[in-house]
>>> print(open('my_file-v2.txt').read())   # compact mmCIF, C-alpha atoms
# COMPACT_ATOMS: atom_id res chain seq x y z
CA MET A 1 74.86 103.85 158.91
CA THR A 2 77.75 106.15 158.09
CA GLU A 3 79.11 103.57 155.72
CA LYS A 4 75.83 103.38 153.85
CA VAL A 5 75.58 107.16 153.45
CA LYS A 6 79.01 107.19 151.81
CA ASP A 7 77.68 105.47 148.72
CA GLU A 8 74.79 107.82 148.04
CA ILE A 9 74.71 110.89 145.89
CA LEU A 10 74.21 113.54 148.53
CA HIS A 11 72.65 116.96 148.35
CA ASP A 12 73.30 119.35 145.55
CA HIS A 13 75.71 121.84 147.07
CA ASN A 14 76.14 123.91 143.94
CA HIS A 15 72.44 124.02 143.08
CA ASP A 16 73.18 122.84 139.57
CA GLY A 17 71.93 119.32 140.01
CA ILE A 18 75.39 117.79 140.18
CA ASP A 19 77.05 116.65 143.34
CA ARG A 20 80.58 116.33 142.08
CA ARG A 21 81.81 114.02 144.76
CA GLY A 22 78.89 111.66 144.37
CA PHE A 23 78.98 112.02 140.61
CA LEU A 24 82.59 110.89 140.42
CA LYS A 25 81.90 108.08 142.80
CA CYS A 26 79.16 106.78 140.55
CA MET A 27 81.49 106.98 137.57
CA ALA A 28 84.07 104.94 139.38
CA TRP A 29 81.54 102.14 139.51
CA ALA A 30 81.41 101.76 135.78
CA GLY A 31 83.35 98.54 136.16
CA THR A 32 81.31 96.93 138.88
CA GLY A 33 77.80 98.15 138.12
CA ALA A 34 75.56 100.49 140.04
CA LEU A 35 71.99 100.35 141.17
CA CYS A 36 70.24 103.69 141.21
CA VAL A 37 66.88 104.13 142.86
CA MET A 38 64.95 107.36 142.90
CA GLN A 39 62.65 107.72 145.85
CA GLY A 40 60.69 110.86 146.58
CA GLY A 41 62.88 112.84 144.20
CA VAL A 42 66.16 111.75 145.74
CA LEU A 43 68.42 109.48 143.78
CA LYS A 44 70.24 106.89 145.78
CA SER A 45 73.01 104.86 144.23
CA TYR A 46 74.57 101.69 145.49
CA SER A 47 77.24 99.52 144.03
CA LEU A 48 75.92 96.15 142.94
CA SER A 49 77.97 94.46 145.60
CA ARG A 50 75.94 96.38 148.20
CA LEU A 51 72.56 95.42 146.76
CA SER A 52 71.62 93.62 149.97
CA ASP A 53 71.69 96.96 151.82
CA LEU A 54 68.66 98.12 149.91
CA GLY A 55 66.20 95.73 151.44
CA PRO A 56 63.46 93.85 149.65
CA SER A 57 61.43 96.80 148.32
CA ALA A 58 64.06 98.10 145.91
CA ALA A 59 65.01 94.70 144.65
CA ALA A 60 61.41 93.57 144.20
CA PRO A 61 60.34 93.06 140.62
CA GLY A 62 58.03 95.76 139.30
CA GLU A 63 55.33 95.83 136.64
CA LEU A 64 57.73 96.59 133.87
CA SER A 65 61.37 95.92 133.32
CA PHE A 66 63.38 96.49 130.20
CA VAL A 67 67.04 96.55 129.21
CA GLN A 68 69.01 99.33 127.60
CA ILE A 69 72.01 98.46 125.48
CA SER A 70 74.13 100.95 123.58
CA ASP A 71 77.05 101.60 121.27
CA SER A 72 77.56 98.14 119.83
CA HIS A 73 79.70 99.69 117.02
CA MET A 74 79.49 96.58 114.87
CA GLY A 75 82.38 96.71 112.38
CA PHE A 76 84.86 98.29 114.79
CA ASN A 77 88.00 96.13 114.79
CA LYS A 78 90.74 98.23 116.38
CA PRO A 79 92.88 97.19 119.38
CA ALA A 80 90.38 98.58 121.92
CA ASN A 81 88.16 95.59 121.01
CA PRO A 82 88.87 93.39 117.99
CA ASP A 83 85.72 91.31 118.66
CA VAL A 84 82.69 93.58 119.10
CA ALA A 85 80.40 90.78 117.90
CA GLY A 86 81.71 88.61 120.74
CA THR A 87 81.03 91.25 123.39
CA LEU A 88 77.55 91.92 121.99
CA LYS A 89 76.86 88.18 122.24
CA ALA A 90 78.08 88.34 125.85
CA ALA A 91 75.57 91.16 126.43
CA VAL A 92 72.80 88.96 125.03
CA GLU A 93 73.83 86.14 127.37
CA LYS A 94 73.74 88.60 130.26
CA ILE A 95 70.24 89.72 129.28
CA ASN A 96 69.02 86.15 128.94
CA ALA A 97 70.38 85.36 132.39
CA LEU A 98 68.51 88.18 134.18
CA SER A 99 66.34 86.85 136.98
CA LYS A 100 63.35 88.78 135.64
CA ALA A 101 63.15 88.67 131.86
CA PRO A 102 62.84 92.15 130.34
CA GLU A 103 59.77 92.98 128.27
CA PHE A 104 61.83 94.58 125.53
CA LEU A 105 65.17 96.21 124.72
CA LEU A 106 66.13 99.79 123.98
CA HIS A 107 69.23 100.36 121.85
CA THR A 108 70.47 103.91 122.25
CA GLY A 109 72.45 104.13 119.04
CA ASP A 110 75.78 103.51 117.33
CA ILE A 111 74.42 100.13 116.38
CA SER A 112 76.97 100.06 113.55
CA HIS A 113 80.42 101.60 113.26
CA LEU A 114 80.26 102.72 109.62
CA SER A 115 76.54 102.43 108.71
CA LYS A 116 77.27 99.38 106.54
CA PRO A 117 74.29 97.09 105.81
CA GLU A 118 76.21 94.01 106.97
CA GLU A 119 76.98 95.70 110.30
CA PHE A 120 73.29 96.32 110.98
CA ASP A 121 72.52 92.76 109.82
CA THR A 122 75.00 91.29 112.30
CA VAL A 123 73.55 93.27 115.22
CA ASP A 124 70.00 92.28 114.27
CA GLN A 125 71.05 88.64 114.08
CA ILE A 126 72.77 88.69 117.49
CA LEU A 127 69.94 90.55 119.21
CA LYS A 128 67.47 87.97 117.91
CA GLY A 129 69.07 85.76 120.54
CA THR A 130 67.12 87.64 123.21
CA GLY A 131 63.78 86.89 121.55
CA LYS A 132 62.71 90.42 122.52
CA GLU A 133 61.43 93.40 120.61
CA VAL A 134 64.12 96.10 120.24
CA PHE A 135 63.45 99.82 119.98
CA PHE A 136 66.24 101.83 118.36
CA VAL A 137 67.36 105.42 118.09
CA PRO A 138 70.29 106.27 115.82
CA GLY A 139 73.79 107.28 116.85
CA GLU A 140 75.97 109.41 114.60
CA HIS A 141 77.64 106.22 113.32
CA ASP A 142 74.29 104.93 112.03
CA VAL A 143 73.51 107.86 109.74
CA LEU A 144 76.81 108.25 107.85
CA ASN A 145 76.75 109.21 104.16
CA ASP A 146 72.96 108.91 103.69
CA ASP A 147 71.44 111.23 106.32
CA GLY A 148 69.95 108.22 108.06
CA ALA A 149 67.89 106.87 105.15
CA GLN A 150 69.02 103.28 105.76
CA PHE A 151 68.45 103.57 109.51
CA ARG A 152 64.86 104.74 109.00
CA GLU A 153 64.23 102.03 106.42
CA ARG A 154 65.37 99.38 108.91
CA TYR A 155 64.19 100.68 112.26
CA GLY A 156 62.06 103.78 111.83
CA LYS A 157 59.34 103.06 109.33
CA ALA A 158 56.64 104.18 111.75
CA ALA A 159 58.76 107.02 113.13
CA LYS A 160 58.41 110.72 112.44
CA GLY A 161 60.97 113.07 110.89
CA SER A 162 64.51 111.73 111.14
CA GLY A 163 63.35 108.81 113.31
CA TRP A 164 61.67 110.03 116.50
CA TYR A 165 58.63 108.30 118.01
CA SER A 166 56.84 107.42 121.22
CA PHE A 167 55.00 104.41 122.61
CA GLU A 168 53.29 103.23 125.78
CA LYS A 169 54.13 100.16 127.82
CA LYS A 170 52.13 99.39 130.95
CA GLY A 171 51.37 103.02 131.67
CA VAL A 172 54.92 104.25 131.05
CA HIS A 173 55.34 106.68 128.13
CA PHE A 174 58.55 106.08 126.14
CA ILE A 175 59.96 108.74 123.83
CA GLY A 176 62.79 107.98 121.38
CA LEU A 177 64.55 111.14 120.20
CA VAL A 178 67.15 111.75 117.47
CA ASN A 179 69.95 114.21 118.27
CA VAL A 180 72.63 113.14 115.79
CA MET A 181 71.37 114.79 112.59
CA ASN A 182 72.31 118.14 111.02
CA LEU A 183 75.07 118.80 113.52
CA LYS A 184 76.51 122.30 113.23
CA ALA A 185 80.21 123.26 113.23
CA GLY A 186 81.42 123.79 116.78
CA GLY A 187 78.11 122.58 118.24
CA LEU A 188 76.78 119.64 120.24
CA GLY A 189 73.95 117.19 119.59
CA THR A 190 70.83 118.79 118.12
CA LEU A 191 67.14 117.92 118.32
CA GLY A 192 65.92 120.71 116.06
CA HIS A 193 62.76 122.76 115.90
CA GLU A 194 60.54 120.20 114.16
CA GLN A 195 61.30 117.46 116.67
CA LEU A 196 60.83 119.80 119.65
CA GLU A 197 57.41 120.86 118.32
CA TRP A 198 56.48 117.20 117.96
CA LEU A 199 57.64 116.46 121.52
CA GLU A 200 55.60 119.32 122.97
CA ASP A 201 52.54 117.98 121.18
CA ASP A 202 53.28 114.34 122.05
CA VAL A 203 53.22 114.88 125.82
CA LYS A 204 50.52 117.56 125.95
CA HIS A 205 47.65 115.12 126.49
CA LEU A 206 49.43 113.00 129.13
CA LYS A 207 48.64 113.16 132.83
CA SER A 208 51.43 114.58 134.96
CA SER A 209 51.49 111.30 136.90
CA THR A 210 52.54 109.36 133.80
CA PRO A 211 56.11 108.06 134.18
CA ILE A 212 58.21 109.25 131.24
CA VAL A 213 61.26 107.54 129.79
CA VAL A 214 63.20 109.50 127.16
CA PHE A 215 65.94 107.75 125.23
CA ALA A 216 68.39 109.28 122.75
CA HIS A 217 71.98 108.68 121.71
CA ILE A 218 73.93 111.78 122.78
CA PRO A 219 73.36 112.77 126.42
CA LEU A 220 70.53 115.25 126.91
CA TRP A 221 72.52 116.81 129.71
CA SER A 222 75.81 118.58 129.65
CA VAL A 223 78.28 115.80 130.47
CA TYR A 224 81.36 117.37 128.88
CA PRO A 225 80.68 119.88 126.11
CA GLU A 226 84.41 120.16 125.32
CA TRP A 227 84.14 116.66 123.85
CA GLY A 228 80.71 117.27 122.37
CA TRP A 229 79.02 115.29 125.15
CA GLY A 230 75.78 117.21 125.38
CA THR A 231 72.84 118.46 123.30
CA ASP A 232 72.46 122.13 122.37
CA ASP A 233 68.68 122.35 122.63
CA SER A 234 68.01 119.71 125.30
CA ALA A 235 66.85 122.36 127.80
CA GLN A 236 63.86 123.08 125.56
CA ALA A 237 62.97 119.40 125.43
CA LEU A 238 63.19 119.07 129.21
CA ALA A 239 61.04 122.17 129.64
CA TYR A 240 58.19 120.30 127.95
CA LEU A 241 58.59 117.51 130.53
CA LYS A 242 58.54 119.76 133.60
CA LYS A 243 54.99 118.87 134.63
CA PHE A 244 55.74 115.18 135.02
CA GLY A 245 56.59 113.74 138.40
CA SER A 246 58.98 111.09 137.08
CA VAL A 247 61.21 111.52 134.04
CA THR A 248 64.06 109.12 133.28
CA VAL A 249 66.48 110.04 130.50
CA LEU A 250 68.58 107.20 129.05
CA ASN A 251 71.51 107.97 126.76
CA GLY A 252 74.61 106.32 125.30
CA HIS A 253 77.44 107.84 123.24
CA ILE A 254 80.01 108.28 126.02
CA HIS A 255 80.70 104.55 126.56
CA GLN A 256 80.57 104.71 130.35
CA THR A 257 77.88 104.83 133.00
CA MET A 258 77.05 108.12 134.63
CA GLN A 259 74.04 109.59 136.28
CA LYS A 260 72.67 112.67 137.88
CA VAL A 261 69.31 113.89 139.15
CA GLU A 262 67.92 117.32 138.46
CA GLY A 263 64.54 118.00 140.01
CA ASN A 264 62.12 115.43 138.63
CA VAL A 265 64.56 114.15 136.02
CA THR A 266 67.02 111.30 136.43
CA PHE A 267 69.70 111.17 133.73
CA HIS A 268 71.58 107.99 133.02
CA THR A 269 74.13 106.96 130.41
CA ALA A 270 74.79 103.31 129.58
CA ALA A 271 78.05 101.49 129.01
CA SER A 272 78.95 100.40 125.50
CA THR A 273 78.89 96.75 124.47
CA ALA A 274 81.95 97.42 122.26
CA PHE A 275 84.72 99.52 123.78
CA PRO A 276 85.24 101.98 126.65
CA GLN A 277 85.97 105.68 126.31
CA PRO A 278 87.92 107.77 128.82
CA GLN A 279 86.35 109.74 131.62
CA PRO A 280 85.71 113.38 130.67
CA GLY A 281 88.96 115.30 130.26
CA LYS A 282 91.07 112.33 131.38
CA ALA A 283 92.65 111.85 127.95
CA ASP A 284 93.64 113.94 124.92
CA SER A 285 90.48 112.94 123.11
CA PRO A 286 87.37 110.81 123.60
CA GLY A 287 88.77 108.07 121.35
CA PRO A 288 88.54 104.34 122.15
CA MET A 289 90.36 103.41 125.35
CA LYS A 290 92.59 100.37 125.26
CA VAL A 291 92.52 98.36 128.45
CA PRO A 292 94.13 94.98 129.17
CA ALA A 293 92.10 92.27 127.44
CA GLU A 294 91.17 90.58 130.71
CA GLN A 295 89.62 93.85 131.97
CA LEU A 296 87.60 94.70 128.87
CA ARG A 297 84.37 92.93 129.73
CA ALA A 298 84.35 94.49 133.18
CA ILE A 299 83.83 97.94 131.64
CA LEU A 300 81.36 96.98 128.96
CA GLY A 301 77.81 96.34 129.95
CA ILE A 302 74.05 96.48 129.84
CA THR A 303 71.48 98.48 131.82
CA ASP A 304 68.42 96.88 133.38
CA VAL A 305 65.55 99.22 134.22
CA ASN A 306 62.72 98.28 136.53
CA TYR A 307 59.51 100.27 137.02
CA VAL A 308 57.34 99.67 140.07
CA ARG A 309 53.88 101.22 139.89
CA GLY A 310 53.09 103.55 142.73
CA GLN A 311 56.74 104.38 143.36
CA HIS A 312 58.21 107.51 141.90
CA ALA A 313 61.27 105.62 140.92
CA LEU A 314 62.59 103.60 138.06
CA ALA A 315 65.39 101.45 139.35
CA VAL A 316 68.35 101.49 137.00
CA VAL A 317 70.92 98.71 137.31
CA ASP A 318 74.13 98.61 135.30
CA SER A 319 75.82 95.24 134.92
CA SER A 320 79.19 94.60 133.37
CA LEU A 321 79.74 91.83 130.84
CA ALA A 322 82.43 90.25 133.00
CA MET B 1 93.88 115.38 83.84
CA ARG B 2 94.42 115.66 80.09
CA LYS B 3 95.19 119.34 80.58
CA ARG B 4 97.88 118.56 83.14
CA VAL B 5 99.53 116.09 80.77
CA TRP B 6 99.55 118.79 78.12
CA ILE B 7 101.16 121.27 80.51
CA LEU B 8 103.76 118.72 81.55
CA GLY B 9 104.44 118.04 77.88
CA LEU B 10 105.04 121.71 77.42
CA LEU B 11 107.10 122.03 80.59
CA ALA B 12 109.39 119.11 79.95
CA PRO B 13 111.44 120.70 77.15
CA MET B 14 111.49 123.98 79.07
CA ILE B 15 112.82 122.27 82.18
CA ALA B 16 115.37 120.40 80.12
CA ALA B 17 116.48 123.72 78.65
CA ALA B 18 116.59 125.29 82.10
CA LEU B 19 118.67 122.38 83.34
CA LEU B 20 121.20 122.98 80.61
CA LEU B 21 121.32 126.68 81.39
CA SER B 22 121.35 126.55 85.17
CA GLY B 23 120.81 123.85 87.82
CA GLN B 24 119.66 126.51 90.26
CA ARG B 25 116.68 127.61 88.15
CA PHE B 26 115.44 123.99 87.93
CA THR B 27 115.45 123.72 91.74
CA ALA B 28 113.32 126.84 92.02
CA ARG B 29 110.71 125.47 89.62
CA ALA B 30 110.54 122.11 91.44
CA GLU B 31 109.86 123.84 94.77
CA GLN B 32 107.04 125.83 93.24
CA ALA B 33 105.47 122.63 91.94
CA GLN B 34 105.57 121.08 95.45
CA THR B 35 103.55 123.92 97.03
CA SER B 36 100.48 122.86 95.03
CA SER B 37 99.66 120.18 97.60
CA ALA B 38 99.25 120.32 101.36
CA GLU B 39 98.32 117.92 104.14
CA VAL B 40 96.00 118.01 107.13
CA LYS B 41 96.26 115.16 109.63
CA ILE B 42 93.39 114.11 111.84
CA ASP B 43 94.73 113.00 115.23
CA ASN B 44 92.99 112.76 118.59
CA PHE B 45 89.75 114.31 117.33
CA SER B 46 91.47 117.41 115.92
CA PHE B 47 92.64 118.77 112.58
CA GLY B 48 96.34 119.64 112.32
CA PRO B 49 97.17 122.29 111.44
CA THR B 50 93.92 123.84 112.60
CA THR B 51 94.47 126.73 110.18
CA LEU B 52 96.21 125.96 106.89
CA THR B 53 97.21 128.76 104.50
CA VAL B 54 97.74 127.80 100.85
CA ALA B 55 98.00 129.37 97.42
CA ALA B 56 95.10 129.13 94.97
CA GLY B 57 95.24 125.89 93.04
CA THR B 58 96.52 123.87 95.99
CA THR B 59 95.17 120.40 96.60
CA VAL B 60 94.69 119.73 100.30
CA THR B 61 94.58 116.12 101.49
CA TRP B 62 93.13 115.15 104.86
CA THR B 63 94.18 111.83 106.42
CA ASN B 64 92.28 110.28 109.33
CA ARG B 65 94.78 108.76 111.76
CA ASP B 66 92.24 108.11 114.54
CA ASP B 67 90.64 104.77 115.46
CA ILE B 68 87.28 106.45 114.92
CA PRO B 69 85.80 107.61 111.59
CA HIS B 70 85.59 111.32 110.80
CA THR B 71 84.38 113.53 107.97
CA VAL B 72 85.58 116.79 106.44
CA VAL B 73 82.67 119.12 105.61
CA SER B 74 82.97 122.82 104.77
CA ASP B 75 80.62 125.20 106.59
CA ASP B 76 79.19 126.44 103.28
CA LYS B 77 79.11 122.93 101.73
CA ALA B 78 81.78 123.85 99.16
CA PHE B 79 83.27 120.42 99.88
CA LYS B 80 82.08 117.36 101.78
CA SER B 81 83.92 114.07 102.22
CA LYS B 82 82.39 110.67 102.62
CA VAL B 83 83.06 109.14 106.01
CA LEU B 84 86.80 108.48 106.43
CA ASP B 85 87.73 105.39 108.39
CA THR B 86 91.23 104.95 109.84
CA ASP B 87 93.96 105.95 107.33
CA GLU B 88 91.47 106.97 104.66
CA LYS B 89 92.02 110.23 102.81
CA PHE B 90 90.02 113.02 101.24
CA SER B 91 91.36 115.67 98.84
CA PHE B 92 89.98 118.96 97.59
CA THR B 93 91.58 121.50 95.27
CA PHE B 94 91.07 125.12 96.27
CA THR B 95 90.82 127.30 93.18
CA LYS B 96 89.12 130.38 94.65
CA LEU B 97 90.58 132.79 97.17
CA GLY B 98 88.93 132.97 100.56
CA THR B 99 88.66 131.43 104.01
CA TYR B 100 87.00 128.02 104.19
CA GLY B 101 85.83 126.92 107.62
CA TYR B 102 85.18 123.21 107.91
CA PHE B 103 84.29 120.62 110.56
CA CYS B 104 83.68 116.92 111.18
CA SER B 105 79.96 116.38 110.76
CA ILE B 106 80.13 113.39 113.15
CA HIS B 107 82.07 115.24 115.86
CA PRO B 108 81.21 118.90 115.23
CA LYS B 109 83.50 120.12 118.00
CA MET B 110 86.29 119.34 115.53
CA THR B 111 86.77 122.44 113.38
CA GLY B 112 89.46 123.76 111.06
CA LYS B 113 90.12 126.43 108.46
CA VAL B 114 91.80 126.64 105.07
CA VAL B 115 92.87 130.13 104.00
CA VAL B 116 93.45 130.44 100.25
CA GLN B 117 95.45 133.52 99.28
>>> encode(input="my_file-v2.txt", output="structure tokens")
Amino acid sequence: MTEKVKDEILHDHNHDGIDRRGFLKCMAWAGTGALCVMQGGVLKSYSLSRLSDLGPSAAAPGELSFVQISDSHMGFNKPANPDVAGTLKAAVEKINALSKAPEFLLHTGDISHLSKPEEFDTVDQILKGTGKEVFFVPGEHDVLNDDGAQFRERYGKAAKGSGWYSFEKKGVHFIGLVNVMNLKAGGLGTLGHEQLEWLEDDVKHLKSSTPIVVFAHIPLWSVYPEWGWGTDDSAQALAYLKKFGSVTVLNGHIHQTMQKVEGNVTFHTAASTAFPQPQPGKADSPGPMKVPAEQLRAILGITDVNYVRGQHALAVVDSSLA
Amino acid sequence: MRKRVWILGLLAPMIAAALLLSGQRFTARAEQAQTSSAEVKIDNFSFGPTTLTVAAGTTVTWTNRDDIPHTVVSDDKAFKSKVLDTDEKFSFTFTKLGTYGYFCSIHPKMTGKVVVQ
């Protein structure tokens, strides 16, 4: 019993939603994968190697499962990963090998490295290998030089504003947000007034029992503002989601898995399929982290999300590409 | 560009004359010419130097030495680079006095300042 408790995020001693000990422990799993299950408002996290501890209910397939991938940075060719197409293909193989096929994919941005048409083309071509529909939100690397015009032309024709939208799948309400446009000097990610107004309106008619999944590139929680890892006006967005019993926020941008729970909201960031970045404050800058070639795939990955109707929880499983 | 050629054309005989008169005077003029350009390096998600002070007419060149692309955008949009990949450069000539705050529009935590006096 005591051993099992060790691997859970425990109570929030500082009343700020972050248990630092548990938080760091979860981060340390970036290489091996973590399964996070929220039950009755308490997030429990287990390393993938301990999956058997969870019992059949958590591992049981739900009504809806989907996969999040992030930060494919097609076009990046520096020492941290000279073959980002190869690792994205490995991610596709991983997705195709899942025991329960996902209904669709979410890509949480930085599809390309330099917003070049051929970079987007390559990602589209590789992701076709899953045979699944892909929903995208842009990262800052996808909107370079043209304020996101090309991104919207490719992926956001039905979207509002700079590319935000929502859709329903099997009773779950998905909201794709854009927080990489019009960034201000010295600031963090920004949603902006127009998008916030839209969000308020978008969820107004929903029942509070509707499970909500929000996905955006830059974390909607304050991971490490010193490196720009947060969103200035995310608190306003989350305020509009207060009435809902289950809110899951999926982000990318920081190229490592992390999670925390704050009231009814579970925050989760996905690994990159391209290259790792250092843990907050553990390097001079958040630049690409070079690891020995044989270790690279162990810290890149995909995220598999499983929703079981009637449970408050969406189970979030990170798997490495190794 | 044509104007600069004209000035050089004018300067050349003057410099030649100065050389004949005194080697020291030529050195002084050459140093003055060098101050019309300055460099800012982008390393580890920061601009160095963070604050650069130059004389009016100076051309400042930013070089991105990171593995990640950056931009150079002034707060008041007086200048705005295209995205700079590794080792790419952007230059702007400051003709008016003042303080120009700028940042990377991709990583807005990166800020810098050019003071023209």
>>> atom_distance(input="my_file-v2.txt", atom1="atom CA of A:Gln277", atom2="atom CA of A:Pro138")
18.9 Å
>>> atom_distance(input="my_file-v2.txt", atom1="atom CA of A:Leu64", atom2="atom CA of A:Gly109")
22.2 Å
>>> closest_atom_pairs(input="my_file-v2.txt", of="chain B", to="chain A", cutoff="8 Å", atoms="all atoms listed in the file", output="CSV")
residue,atom,partner,partner_atom,distance
B:Asn44,CA,A:Ser285,CA,5.2
B:Phe45,CA,A:Ser285,CA,6.0
B:Asp66,CA,A:Gly287,CA,7.6
B:Asp67,CA,A:Lys78,CA,6.6
B:Ile68,CA,A:Gly287,CA,6.8
B:Pro69,CA,A:Leu114,CA,7.6
B:Asp75,CA,A:Ala185,CA,6.9
B:Lys82,CA,A:Asn145,CA,6.0
B:Val83,CA,A:Leu144,CA,6.6
B:Tyr102,CA,A:Ala185,CA,7.3
B:Phe103,CA,A:Ala185,CA,5.5
B:Cys104,CA,A:Ala185,CA,7.5
B:Ser105,CA,A:Leu183,CA,6.1
B:Ile106,CA,A:Glu140,CA,5.9
B:His107,CA,A:Gly228,CA,7.0
B:Pro108,CA,A:Ala185,CA,4.9
B:Lys109,CA,A:Gly186,CA,4.4
B:Met110,CA,A:Gly186,CA,6.7
B:Thr111,CA,A:Gly186,CA,6.5
>>> atom_distance(input="my_file-v2.txt", atom1="atom CA of A:Asp110", atom2="atom CA of A:Thr190")
16.1 Å
>>> closest_residue(input="my_file-v2.txt", among="A:His255, A:His268, A:Lys207, A:Lys282", to="A:Ala315", atoms="all atoms listed in the file")
A:His268
>>> closest_residue(input="my_file-v2.txt", among="A:Leu196, A:Ala97, A:Ala216, A:Ala270", to="A:Tyr240", atoms="all atoms listed in the file")
A:Leu196
>>> residues_near_point(input="my_file-v2.txt", point="(68.1, 85.8, 123.1)", cutoff="9 Å", atoms="all atoms listed in the file", output="mmCIF file with C-alpha atoms, in the coordinates of the input")
data_model
loop_
_atom_site.group_PDB
_atom_site.id
_atom_site.type_symbol
_atom_site.label_atom_id
_atom_site.label_comp_id
_atom_site.auth_asym_id
_atom_site.auth_seq_id
_atom_site.Cartn_x
_atom_site.Cartn_y
_atom_site.Cartn_z
ATOM 1 C CA VAL A 92 72.800 88.960 125.030
ATOM 2 C CA GLU A 93 73.830 86.140 127.370
ATOM 3 C CA ILE A 95 70.240 89.720 129.280
ATOM 4 C CA ASN A 96 69.020 86.150 128.940
ATOM 5 C CA ILE A 126 72.770 88.690 117.490
ATOM 6 C CA LEU A 127 69.940 90.550 119.210
ATOM 7 C CA LYS A 128 67.470 87.970 117.910
ATOM 8 C CA GLY A 129 69.070 85.760 120.540
ATOM 9 C CA THR A 130 67.120 87.640 123.210
ATOM 10 C CA GLY A 131 63.780 86.890 121.550
ATOM 11 C CA LYS A 132 62.710 90.420 122.520
#
>>> residues_around(input="my_file-v2.txt", residues="A:Ile299", least_positions_apart="2", cutoff="12 Å", atoms="all atoms listed in the file", output="ChimeraX atom specification")
/A:27-33,80-81,87,91,255-257,270-278,289-297,301-302,318-322
>>> closest_residue(input="my_file-v2.txt", among="B:Ile42, B:Thr58, B:Leu52, B:Gln117", to="B:Glu88", atoms="all atoms listed in the file")
B:Ile42
